[in-house]
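J.: Got input.tsv for you, TSV, C-alpha atoms:
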chain	number	residue	atom	x	y	z
A	1	MET	CA	-1.80	-17.67	-57.73
A	2	GLY	CA	-0.85	-14.58	-55.90
A	3	SER	CA	-3.16	-12.66	-53.77
A	4	PRO	CA	-5.11	-9.75	-55.10
A	5	GLY	CA	-4.05	-6.22	-54.22
A	6	PHE	CA	-0.36	-5.92	-53.38
A	7	PRO	CA	1.53	-8.96	-54.63
A	8	GLY	CA	4.88	-7.52	-53.64
A	9	HIS	CA	3.97	-7.09	-49.99
A	10	PHE	CA	3.38	-10.30	-48.17
A	11	GLY	CA	1.94	-8.64	-45.07
A	12	ASN	CA	-0.73	-6.74	-46.90
A	13	SER	CA	-1.75	-9.70	-49.07
A	14	TRP	CA	-1.98	-11.89	-45.99
A	15	HIS	CA	-4.06	-9.28	-44.25
A	16	ARG	CA	-6.41	-9.01	-47.21
A	17	GLU	CA	-6.78	-12.75	-47.49
A	18	GLY	CA	-7.26	-13.20	-43.82
A	19	ARG	CA	-9.95	-10.57	-43.58
A	20	HIS	CA	-12.58	-13.23	-44.13
A	21	GLY	CA	-10.78	-15.94	-42.15
A	22	ALA	CA	-10.78	-16.89	-38.52
A	23	LEU	CA	-7.73	-14.77	-37.71
A	24	SER	CA	-9.47	-11.62	-38.88
A	25	ARG	CA	-11.66	-11.81	-35.80
A	26	LEU	CA	-8.62	-10.93	-33.66
A	27	THR	CA	-9.05	-7.20	-33.76
A	28	PRO	CA	-6.80	-5.09	-31.50
A	29	LEU	CA	-9.77	-4.41	-29.22
A	30	ARG	CA	-10.44	-8.12	-28.76
A	31	ILE	CA	-6.75	-8.87	-28.19
A	32	CYS	CA	-6.59	-6.11	-25.57
A	33	ALA	CA	-9.78	-7.29	-23.89
A	34	ALA	CA	-8.56	-10.88	-23.84
A	35	GLY	CA	-5.18	-9.82	-22.46
A	36	CYS	CA	-6.75	-7.72	-19.74
A	37	GLY	CA	-9.14	-10.55	-18.92
A	38	VAL	CA	-6.21	-12.93	-18.51
A	39	ILE	CA	-4.35	-10.38	-16.32
A	40	ALA	CA	-7.44	-9.83	-14.17
A	41	SER	CA	-7.98	-13.59	-13.81
A	42	LEU	CA	-4.34	-14.10	-12.82
A	43	LEU	CA	-4.57	-11.31	-10.25
A	44	LEU	CA	-7.75	-12.78	-8.77
A	45	VAL	CA	-6.18	-16.23	-8.61
A	46	ALA	CA	-3.16	-14.69	-6.88
A	47	CYS	CA	-5.54	-13.04	-4.37
A	48	GLU	CA	-7.18	-16.36	-3.63
A	49	MET	CA	-3.80	-18.07	-3.31
A	50	ALA	CA	-2.58	-15.35	-0.94
A	51	ALA	CA	-5.69	-15.84	1.21
A	52	THR	CA	-5.20	-19.63	1.21
A	53	VAL	CA	-1.52	-19.38	2.11
A	54	ASP	CA	-2.40	-17.04	4.96
A	55	ALA	CA	-5.04	-19.47	6.21
A	56	VAL	CA	-2.63	-22.40	6.11
A	57	THR	CA	0.25	-20.68	7.87
A	58	GLU	CA	-1.79	-18.82	10.47
A	59	ARG	CA	-1.10	-21.13	13.36
A	60	ARG	CA	1.63	-19.65	15.51
A	61	ILE	CA	-0.19	-16.65	16.91
A	62	ASP	CA	-3.87	-16.81	17.76
A	63	LEU	CA	-4.43	-13.20	18.73
A	64	THR	CA	-2.77	-9.83	19.16
A	65	ALA	CA	-3.41	-7.96	22.38
A	66	ARG	CA	-2.12	-4.59	23.49
A	67	ALA	CA	-0.58	-3.52	26.75
A	68	PRO	CA	1.20	-0.40	28.02
A	69	LEU	CA	4.93	-0.58	28.69
A	70	TRP	CA	5.52	1.84	31.56
A	71	THR	CA	8.88	3.50	32.10
A	72	GLY	CA	11.12	1.23	34.18
A	73	ASP	CA	8.97	-1.84	33.59
A	74	VAL	CA	10.18	-4.81	31.57
A	75	GLU	CA	8.05	-6.79	29.13
A	76	ALA	CA	6.39	-9.86	30.61
A	77	ALA	CA	8.07	-13.10	29.59
A	78	GLY	CA	6.45	-16.04	27.83
A	79	TYR	CA	4.62	-14.43	24.93
A	80	GLY	CA	4.73	-15.91	21.45
A	81	LEU	CA	5.69	-12.64	19.83
A	82	TYR	CA	6.51	-9.10	20.95
A	83	SER	CA	5.35	-6.08	18.98
A	84	TYR	CA	5.87	-2.38	19.62
A	85	LEU	CA	4.32	0.84	18.44
A	86	LEU	CA	7.26	3.22	18.30
A	87	PHE	CA	7.24	6.95	17.60
A	88	GLY	CA	10.62	8.28	16.50
A	89	SER	CA	10.18	11.81	17.82
A	90	SER	CA	7.68	14.19	19.35
A	91	SER	CA	7.80	16.65	16.44
A	92	GLU	CA	4.75	18.84	16.01
A	93	ALA	CA	4.64	18.18	12.26
A	94	ALA	CA	3.91	14.49	12.73
A	95	TYR	CA	1.36	14.99	15.53
A	96	HIS	CA	-1.69	14.03	13.46
A	97	ARG	CA	0.06	10.97	12.10
A	98	ARG	CA	0.91	9.82	15.64
A	99	LEU	CA	-2.65	10.51	16.73
A	100	ALA	CA	-4.01	8.45	13.83
A	101	ALA	CA	-1.63	5.59	14.69
A	102	ALA	CA	-2.62	5.73	18.37
A	103	CYS	CA	-6.30	5.75	17.42
A	104	ALA	CA	-5.84	2.75	15.11
A	105	TYR	CA	-3.79	0.94	17.77
A	106	LEU	CA	-6.50	1.43	20.38
A	107	SER	CA	-9.42	0.62	18.11
A	108	VAL	CA	-8.01	-2.35	16.19
A	109	ILE	CA	-6.08	-4.19	18.91
A	110	PRO	CA	-7.96	-5.49	21.98
A	111	ASP	CA	-6.59	-4.83	25.46
A	112	ARG	CA	-4.75	-7.64	27.25
A	113	ALA	CA	-6.59	-6.75	30.44
A	114	GLU	CA	-9.97	-7.69	28.98
A	115	PRO	CA	-11.40	-10.75	30.77
A	116	ALA	CA	-11.83	-12.86	27.62
A	117	ILE	CA	-8.21	-12.32	26.58
A	118	GLN	CA	-6.81	-12.89	30.06
A	119	GLU	CA	-7.93	-16.50	29.78
A	120	LEU	CA	-5.80	-17.12	26.68
A	121	SER	CA	-2.38	-18.71	26.92
A	122	SER	CA	0.52	-16.26	26.56
A	123	GLU	CA	2.41	-18.58	24.21
A	124	ASN	CA	-0.12	-18.06	21.45
A	125	LEU	CA	-0.43	-14.34	21.95
A	126	ASN	CA	1.34	-11.48	20.26
A	127	ILE	CA	1.69	-8.75	22.83
A	128	PHE	CA	1.66	-5.29	21.30
A	129	TYR	CA	3.35	-2.78	23.60
A	130	VAL	CA	3.25	0.98	23.60
A	131	PRO	CA	5.91	2.76	25.77
A	132	LEU	CA	4.28	5.19	28.22
A	133	ARG	CA	5.66	7.50	30.87
A	134	SER	CA	5.31	6.27	34.45
A	135	SER	CA	4.99	9.77	35.84
A	136	SER	CA	1.58	10.09	34.25
A	137	TYR	CA	-1.55	8.73	35.83
A	138	ARG	CA	-1.67	4.99	35.07
A	139	ARG	CA	-4.86	3.95	33.36
A	140	ASP	CA	-5.75	0.30	33.71
A	141	VAL	CA	-7.66	-0.01	30.45
A	142	LEU	CA	-7.14	2.31	27.49
A	143	THR	CA	-10.02	2.98	25.14
A	144	THR	CA	-10.24	4.62	21.72
A	145	GLN	CA	-11.03	7.93	23.39
A	146	ASP	CA	-7.58	7.88	25.02
A	147	ALA	CA	-5.65	8.32	21.76
A	148	ALA	CA	-4.67	11.93	22.51
A	149	TRP	CA	-3.77	10.98	26.09
A	150	LEU	CA	-1.56	8.19	24.76
A	151	VAL	CA	0.29	10.57	22.41
A	152	ALA	CA	0.73	13.13	25.21
A	153	ASN	CA	2.10	10.55	27.65
A	154	TYR	CA	4.21	8.60	25.20
A	155	ASP	CA	7.71	7.66	26.37
A	156	TYR	CA	9.79	8.98	23.46
A	157	SER	CA	13.17	8.31	25.08
A	158	ARG	CA	12.40	4.63	25.55
A	159	ALA	CA	11.07	4.42	22.01
A	160	SER	CA	14.34	5.95	20.74
A	161	LEU	CA	16.27	3.40	22.76
A	162	LEU	CA	14.29	0.51	21.27
A	163	LEU	CA	14.61	1.96	17.78
A	164	GLY	CA	18.35	2.25	18.28
A	165	ARG	CA	18.53	-1.45	19.09
A	166	ILE	CA	17.11	-2.37	15.74
A	167	GLY	CA	19.22	0.19	13.89
A	168	GLU	CA	16.48	2.73	13.13
A	169	GLU	CA	16.66	6.40	13.99
A	170	GLY	CA	13.95	7.96	11.87
A	171	ASP	CA	11.41	10.48	13.13
A	172	ASP	CA	8.34	8.59	12.12
A	173	ILE	CA	6.10	5.78	13.26
A	174	TYR	CA	7.22	2.18	13.29
A	175	LEU	CA	5.43	-1.09	13.91
A	176	ILE	CA	7.96	-3.66	15.05
A	177	SER	CA	7.71	-7.35	15.79
A	178	TYR	CA	10.26	-9.76	17.17
A	179	ARG	CA	10.11	-13.18	18.79
A	180	GLU	CA	11.91	-12.00	21.95
A	181	ARG	CA	11.71	-8.98	24.24
A	182	LEU	CA	13.57	-6.11	22.65
A	183	THR	CA	14.74	-4.66	25.97
A	184	ARG	CA	16.44	-7.98	26.78
A	185	VAL	CA	18.09	-8.47	23.39
A	186	GLU	CA	21.26	-6.60	22.52
A	187	ALA	CA	21.27	-7.29	18.78
A	188	PRO	CA	18.09	-8.77	17.31
A	189	GLU	CA	18.42	-10.99	14.26
A	190	ALA	CA	17.57	-8.80	11.30
A	191	ASP	CA	16.10	-11.64	9.25
A	192	GLN	CA	13.46	-12.38	11.90
A	193	LEU	CA	12.54	-8.80	12.63
A	194	LEU	CA	9.49	-7.16	11.11
A	195	VAL	CA	9.80	-3.39	10.79
A	196	GLN	CA	7.00	-1.47	9.10
A	197	ASP	CA	7.58	2.20	8.56
A	198	LEU	CA	4.43	4.29	8.38
A	199	SER	CA	6.24	7.47	7.34
A	200	LEU	CA	4.78	7.47	3.83
A	201	VAL	CA	1.33	6.21	4.70
A	202	SER	CA	-1.47	8.74	4.42
A	203	LEU	CA	-3.59	9.39	7.51
A	204	GLU	CA	-6.64	7.66	6.08
A	205	LEU	CA	-4.74	4.41	5.60
A	206	VAL	CA	-2.91	4.18	8.94
A	207	GLU	CA	-5.67	2.00	10.37
A	208	LEU	CA	-5.49	-0.31	7.36
A	209	TRP	CA	-1.75	-0.71	7.94
A	210	VAL	CA	-2.29	-1.61	11.60
A	211	LYS	CA	-4.87	-4.19	10.53
A	212	GLU	CA	-2.51	-5.62	7.93
A	213	PHE	CA	0.29	-5.66	10.50
A	214	ARG	CA	-1.93	-7.69	12.79
A	215	ARG	CA	-2.65	-10.05	9.92
A	216	GLN	CA	1.00	-10.24	8.87
A	217	ILE	CA	2.26	-11.33	12.28
A	218	ARG	CA	-0.17	-14.23	12.33
A	219	ARG	CA	1.82	-15.81	9.53
A	220	GLU	CA	4.51	-18.26	10.48
A	221	ALA	CA	7.11	-16.26	8.59
A	222	TYR	CA	5.84	-13.00	10.10
A	223	TRP	CA	8.96	-11.10	9.02
A	224	ASP	CA	8.46	-11.86	5.32
A	225	GLU	CA	7.22	-8.71	3.62
A	226	PHE	CA	7.66	-9.92	0.05
A	227	THR	CA	4.12	-11.13	-0.42
A	228	PHE	CA	1.48	-10.28	-2.98
A	229	ARG	CA	-0.71	-8.77	-0.30
A	230	GLN	CA	2.06	-6.49	0.99
A	231	ALA	CA	2.89	-5.39	-2.55
A	232	MET	CA	-0.77	-4.50	-3.14
A	233	LEU	CA	-0.88	-2.69	0.20
A	234	ARG	CA	2.11	-0.58	-0.80
A	235	LEU	CA	0.55	0.23	-4.16
A	236	ARG	CA	-2.72	1.09	-2.43
A	237	SER	CA	-0.84	3.36	-0.01
A	238	ALA	CA	0.88	5.21	-2.83
A	239	LEU	CA	-2.40	6.14	-4.54
A	240	PRO	CA	-3.51	8.97	-2.18
A	241	HIS	CA	-0.11	10.64	-2.65
A	242	VAL	CA	-0.36	10.39	-6.44
A	243	ALA	CA	-3.92	11.72	-6.22
A	244	ARG	CA	-2.65	14.68	-4.21
A	245	TYR	CA	0.06	15.41	-6.80
A	246	VAL	CA	-2.55	15.19	-9.56
A	247	ALA	CA	-4.68	17.70	-7.65
A	248	PHE	CA	-1.65	20.00	-7.32
A	249	ALA	CA	-0.95	19.67	-11.03
A	250	GLY	CA	-4.60	20.43	-11.79
A	251	GLU	CA	-4.42	23.49	-9.57
A	252	ALA	CA	-1.23	24.65	-11.28
A	253	ILE	CA	-2.84	24.22	-14.69
A	254	GLY	CA	-5.85	26.13	-13.43
A	255	ILE	CA	-3.60	29.00	-12.35
A	256	ALA	CA	-1.64	28.97	-15.61
A	257	PHE	CA	-4.75	28.80	-17.81
A	258	PRO	CA	-7.54	30.31	-15.75
A	259	LYS	CA	-10.90	28.82	-16.62
A	260	PRO	CA	-13.68	28.95	-14.03
A	261	ALA	CA	-14.94	25.41	-14.71
A	262	LEU	CA	-11.46	23.86	-14.65
A	263	ALA	CA	-10.46	25.66	-11.46
A	264	ALA	CA	-13.59	24.43	-9.69
A	265	ALA	CA	-13.15	20.86	-10.89
A	266	ASP	CA	-9.52	20.59	-9.82
A	267	ALA	CA	-9.97	21.56	-6.20
A	268	PRO	CA	-8.00	19.19	-3.91
A	269	THR	CA	-10.16	16.25	-2.97
A	270	ALA	CA	-7.85	14.15	-0.80
A	271	SER	CA	-8.73	14.44	2.85
A	272	THR	CA	-5.77	15.17	5.11
A	273	THR	CA	-7.58	15.06	8.40
A	274	SER	CA	-7.37	12.21	10.82
A	275	ARG	CA	-10.40	10.23	11.92
A	276	CYS	CA	-9.39	10.90	15.49
A	277	GLU	CA	-8.89	14.60	15.03
A	278	THR	CA	-12.46	15.53	15.87
A	279	ARG	CA	-12.40	13.27	18.87
A	280	ALA	CA	-9.18	14.56	20.35
A	281	PRO	CA	-8.11	18.10	19.48
A	282	PRO	CA	-4.60	19.26	20.55
A	283	GLU	CA	-6.06	21.43	23.34
A	284	THR	CA	-7.17	18.27	25.14
A	285	ILE	CA	-3.61	17.04	25.34
A	286	GLU	CA	-2.30	20.19	26.90
A	287	SER	CA	-5.04	20.24	29.51
A	288	GLU	CA	-4.63	16.55	30.30
A	289	ALA	CA	-0.85	16.70	30.35
A	290	ASP	CA	-1.02	19.53	32.84
B	1	MET	CA	-24.57	17.61	-18.39
B	2	ILE	CA	-22.29	15.59	-16.11
B	3	PHE	CA	-23.65	12.39	-17.68
B	4	VAL	CA	-22.80	13.64	-21.19
B	5	ASP	CA	-19.31	14.63	-20.02
B	6	THR	CA	-18.81	11.19	-18.50
B	7	ILE	CA	-19.86	9.51	-21.76
B	8	LYS	CA	-17.45	11.76	-23.69
B	9	LEU	CA	-14.65	10.91	-21.28
B	10	CYS	CA	-15.40	7.18	-21.55
B	11	LYS	CA	-15.39	7.49	-25.34
B	12	ILE	CA	-11.95	9.11	-25.28
B	13	LEU	CA	-10.62	6.62	-22.76
B	14	LEU	CA	-11.88	3.58	-24.65
B	15	THR	CA	-10.96	4.78	-28.15
B	16	HIS	CA	-7.23	5.09	-27.64
B	17	PRO	CA	-5.58	1.63	-27.42
B	18	ALA	CA	-3.10	2.50	-24.67
B	19	LEU	CA	-5.77	4.24	-22.61
B	20	ARG	CA	-8.11	1.32	-23.14
B	21	VAL	CA	-5.55	-1.13	-21.77
B	22	ALA	CA	-4.82	1.21	-18.85
B	23	VAL	CA	-8.52	1.61	-18.01
B	24	ILE	CA	-9.18	-2.13	-18.10
B	25	SER	CA	-6.03	-2.90	-16.07
B	26	SER	CA	-6.95	-0.24	-13.52
B	27	ALA	CA	-10.42	-1.70	-13.24
B	28	ALA	CA	-8.89	-5.14	-12.66
B	29	LEU	CA	-6.60	-3.71	-9.99
B	30	CYS	CA	-9.61	-2.01	-8.40
B	31	VAL	CA	-11.29	-5.40	-8.12
B	32	VAL	CA	-8.14	-6.75	-6.48
B	33	PHE	CA	-8.08	-3.86	-4.00
B	34	VAL	CA	-11.73	-4.35	-3.14
B	35	ARG	CA	-11.10	-8.06	-2.63
B	36	LEU	CA	-8.01	-7.56	-0.45
B	37	PHE	CA	-8.92	-4.39	1.45
B	38	PRO	CA	-12.71	-4.09	1.50
B	39	GLN	CA	-12.61	-1.72	4.47
B	40	GLU	CA	-10.79	1.00	2.48
B	41	PRO	CA	-12.49	1.37	-0.92
B	42	LEU	CA	-10.84	3.50	-3.59
B	43	SER	CA	-12.10	7.04	-4.01
B	44	GLU	CA	-12.49	8.68	-7.44
B	45	ALA	CA	-9.22	10.57	-6.95
B	46	ASP	CA	-7.49	7.31	-6.06
B	47	PHE	CA	-8.84	5.68	-9.21
B	48	VAL	CA	-7.49	8.53	-11.35
B	49	ALA	CA	-4.14	8.14	-9.58
B	50	LEU	CA	-4.22	4.40	-10.26
B	51	LEU	CA	-4.94	5.08	-13.93
B	52	ILE	CA	-1.94	7.41	-14.11
B	53	VAL	CA	0.31	4.89	-12.34
B	54	VAL	CA	-0.81	2.11	-14.73
B	55	LEU	CA	-0.30	4.38	-17.75
B	56	ALA	CA	3.17	5.28	-16.53
B	57	ALA	CA	3.97	1.61	-15.97
B	58	LEU	CA	2.73	0.71	-19.47
B	59	TRP	CA	4.75	3.53	-21.00
B	60	LEU	CA	7.85	2.37	-19.11
B	61	LEU	CA	7.25	-1.19	-20.24
B	62	GLY	CA	6.88	0.01	-23.83
B	63	GLN	CA	10.12	1.97	-23.58
B	64	PHE	CA	11.85	-1.01	-22.06
B	65	ARG	CA	10.58	-3.29	-24.82
B	66	ARG	CA	11.71	-0.80	-27.46
B	67	LEU	CA	15.11	-0.49	-25.83
B	68	LEU	CA	15.41	-4.24	-25.62
B	69	SER	CA	14.44	-4.82	-29.25
B	70	CYS	CA	16.83	-2.04	-30.36
B	71	GLY	CA	19.61	-3.57	-28.29
B	72	VAL	CA	18.94	-7.05	-29.64
B	73	ALA	CA	18.87	-5.75	-33.23
B	74	ARG	CA	22.13	-3.86	-32.71
B	75	LEU	CA	23.75	-6.87	-31.08
B	76	SER	CA	22.71	-9.21	-33.90
B	77	ARG	CA	23.99	-6.71	-36.49
B	78	SER	CA	27.32	-6.45	-34.71
B	79	PHE	CA	27.49	-10.21	-34.52
B	80	ARG	CA	26.78	-10.55	-38.26
B	81	GLU	CA	29.42	-7.94	-39.03
B	82	PHE	CA	31.87	-9.77	-36.82
B	83	LEU	CA	31.15	-13.04	-38.62
B	84	ALA	CA	31.47	-11.36	-42.02
B	85	GLN	CA	34.86	-9.92	-41.03
B	86	GLY	CA	35.96	-13.37	-39.95
B	87	ARG	CA	35.26	-14.78	-43.39
What would the structure in this file look like if it were written as structure tokens?

T.:
Amino acid sequence: MGSPGFPGHFGNSWHREGRHGALSRLTPLRICAAGCGVIASLLLVACEMAATVDAVTERRIDLTARAPLWTGDVEAAGYGLYSYLLFGSSSEAAYHRRLAAACAYLSVIPDRAEPAIQELSSENLNIFYVPLRSSSYRRDVLTTQDAAWLVANYDYSRASLLLGRIGEEGDDIYLISYRERLTRVEAPEADQLLVQDLSLVSLELVELWVKEFRRQIRREAYWDEFTFRQAMLRLRSALPHVARYVAFAGEAIGIAFPKPALAAADAPTASTTSRCETRAPPETIESEAD
Amino acid sequence: MIFVDTIKLCKILLTHPALRVAVISSAALCVVFVRLFPQEPLSEADFVALLIVVLAALWLLGQFRRLLSCGVARLSRSFREFLAQGR
């Protein structure tokens, strides 16, 4: 016969009957937990697959090494890949960002002049150039402490020239990779050019981007940015900005509805200072540039 | 006091279905971030930001689903009306 309760409503009667059945165990909480578990498992599998794919295709470039590109000099021929750290302009507003990029460049990438790297074949090397002014005192080996010196002696005109060749004219920081020397190529092929714009990357994550850039160019298809890892990197890079907006919103709410506890809790937490800032204050640049 | 507040917050976050999904998804994404970028762990502020981003994405997905189901329902109704007119 019919179900007890509400014979006219099939859904309710089914629900009442099923309360003691196997399906009744599927509460919303369990469904949510199972769904999230499946999502988490899929994401972890994707992580593992991304790592495996990277391991398989990492064969073209063995190592990335840095070298200065002095004004008037041309890149040395014979390298497997050519990368450049390019600053769009010398604006004061982006000084700390440039300093952070220079610091990451010097700390993450080993110098080509180091004895162990000199022994390696150029064909399997990615040479990472930074344009520098020739008028300045030429340093043979740059260390992490030279980040401020690097920013002060950067060759902005040459960087603009190189950026123009790849069709970029922004004011920010770019990491660029191409299979040939950019100064010798009139029009690089866009589909084999890797351009990473650090304009929206927070200072704390600049180093992570340089590390990921180094990892990215070890892949055979180094120009391919549509990977799971890159997507996660972009999401990760967006979080400090969102956190800052949340802090602003909290502050605004605190001003609109003044409560001592709320105002104290919503103080901005995101750090906006560079790791290199303490090491190289702006005064150092002026004194060294003079 | 902070401990009690945290428990209250967890209670609120885990009671509401949408928040519960967002919290668990954010936690899963956190694990992914730790796995991929262990050198830059998420701060508390970043986790809150991630939660908000996931919530926004879920809300957008919900809206999209609603829009889609509305559109499909309207389309099927129009199609039925069209067929009825044909008869």

J.: I'd like the neighbourhood of A:Asp171 as number ranges by chain, where a residue qualifies if any of its atoms comes within 12 Å (using all atoms listed in the file), though same-chain residues fewer than 2 positions away should be ignored.

T.: A: 86-95, 97-98, 156, 159-160, 163-164, 168-169, 173-174, 197-200

J.: I need the contact residues of chain A against chain B, so if you could list those with any atom within 6 Å, counting only C-alpha atoms, and return them as a ChimeraX atom specification, that would help.

T.: /A:40,239-240,242-243

J.: Could you please determine the separation between atom CA of A:Tyr222 and atom CA of A:Ser177 in Å, to one decimal place?

T.: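 The value is 8.2 Å.
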
J.: Can you work out which one of A:Gln216, A:Gln192, A:Ser83, A:Gln230 has the shortest atom-to-atom distance to A:Phe128, counting only C-alpha atoms?

T.: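 Closest to A:Phe128 of all the choices is A:Ser83.
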
J.: Mind giving me the straight-line distance from atom CA of A:Gly167 to atom CA of A:Val185 in Å, one decimal?

T.: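 So the answer is 12.9 Å.
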
J.: How many Å separate atom CA of A:Arg236 from atom CA of A:Ser202?

T.: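 Atom CA of A:Arg236 sits 10.3 Å away from atom CA of A:Ser202.
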
J.: Using all atoms listed in the file, collect all residues at a distance of at most 10 Å from (-1.6, -2.1, 17.0) as written in the file, then present them as a PyMOL selection string.

T.: chain A and resi 64-67+83-85+101-110+127-130+175-176+207+209-214

J.: Saving stretch 6-56 of chain B with C-alpha atoms, as an mmCIF file, in the first residue's frame, what would that file be?

T.:
data_model
loop_
_atom_site.group_PDB
_atom_site.id
_atom_site.type_symbol
_atom_site.label_atom_id
_atom_site.label_comp_id
_atom_site.auth_asym_id
_atom_site.auth_seq_id
_atom_site.Cartn_x
_atom_site.Cartn_y
_atom_site.Cartn_z
ATOM 1 C CA THR B 6 38.242 29.927 17.404
ATOM 2 C CA ILE B 7 35.849 27.128 18.379
ATOM 3 C CA LYS B 8 32.887 29.487 17.855
ATOM 4 C CA LEU B 9 34.229 30.494 14.460
ATOM 5 C CA CYS B 10 34.774 26.848 13.476
ATOM 6 C CA LYS B 11 31.229 26.057 14.594
ATOM 7 C CA ILE B 12 29.828 28.816 12.385
ATOM 8 C CA LEU B 13 32.028 27.847 9.455
ATOM 9 C CA LEU B 14 31.162 24.161 9.636
ATOM 10 C CA THR B 15 27.428 24.575 10.313
ATOM 11 C CA HIS B 16 26.523 26.422 7.143
ATOM 12 C CA PRO B 17 26.626 24.078 4.107
ATOM 13 C CA ALA B 18 28.156 26.576 1.676
ATOM 14 C CA LEU B 19 30.765 27.662 4.206
ATOM 15 C CA ARG B 20 31.527 24.046 5.007
ATOM 16 C CA VAL B 21 32.221 23.262 1.360
ATOM 17 C CA ALA B 22 34.322 26.421 1.041
ATOM 18 C CA VAL B 23 36.369 25.594 4.150
ATOM 19 C CA ILE B 24 37.047 22.023 3.039
ATOM 20 C CA SER B 25 37.904 23.123 -0.525
ATOM 21 C CA SER B 26 40.216 25.835 0.803
ATOM 22 C CA ALA B 27 41.923 23.297 3.028
ATOM 23 C CA ALA B 28 42.389 21.026 0.004
ATOM 24 C CA LEU B 29 43.837 23.916 -1.988
ATOM 25 C CA CYS B 30 46.135 24.701 0.933
ATOM 26 C CA VAL B 31 47.479 21.157 0.751
ATOM 27 C CA VAL B 32 48.056 21.640 -2.980
ATOM 28 C CA PHE B 33 49.919 24.900 -2.356
ATOM 29 C CA VAL B 34 52.079 23.320 0.306
ATOM 30 C CA ARG B 35 52.846 20.442 -2.053
ATOM 31 C CA LEU B 36 53.692 22.676 -5.021
ATOM 32 C CA PHE B 37 55.325 25.657 -3.302
ATOM 33 C CA PRO B 38 56.678 24.477 0.053
ATOM 34 C CA GLN B 39 59.056 27.441 0.276
ATOM 35 C CA GLU B 40 56.186 29.971 0.474
ATOM 36 C CA PRO B 41 53.599 28.678 2.975
ATOM 37 C CA LEU B 42 50.246 30.436 3.233
ATOM 38 C CA SER B 43 49.811 32.941 6.026
ATOM 39 C CA GLU B 44 46.550 33.270 8.001
ATOM 40 C CA ALA B 45 45.576 36.322 5.950
ATOM 41 C CA ASP B 46 46.232 34.372 2.757
ATOM 42 C CA PHE B 47 44.032 31.532 3.988
ATOM 43 C CA VAL B 48 41.178 33.957 4.689
ATOM 44 C CA ALA B 49 41.672 35.389 1.202
ATOM 45 C CA LEU B 50 41.593 31.876 -0.252
ATOM 46 C CA LEU B 51 38.369 31.171 1.623
ATOM 47 C CA ILE B 52 36.803 34.318 0.176
ATOM 48 C CA VAL B 53 37.983 33.462 -3.343
ATOM 49 C CA VAL B 54 36.568 29.915 -3.038
ATOM 50 C CA LEU B 55 33.287 31.251 -1.649
ATOM 51 C CA ALA B 56 33.040 33.717 -4.518
#
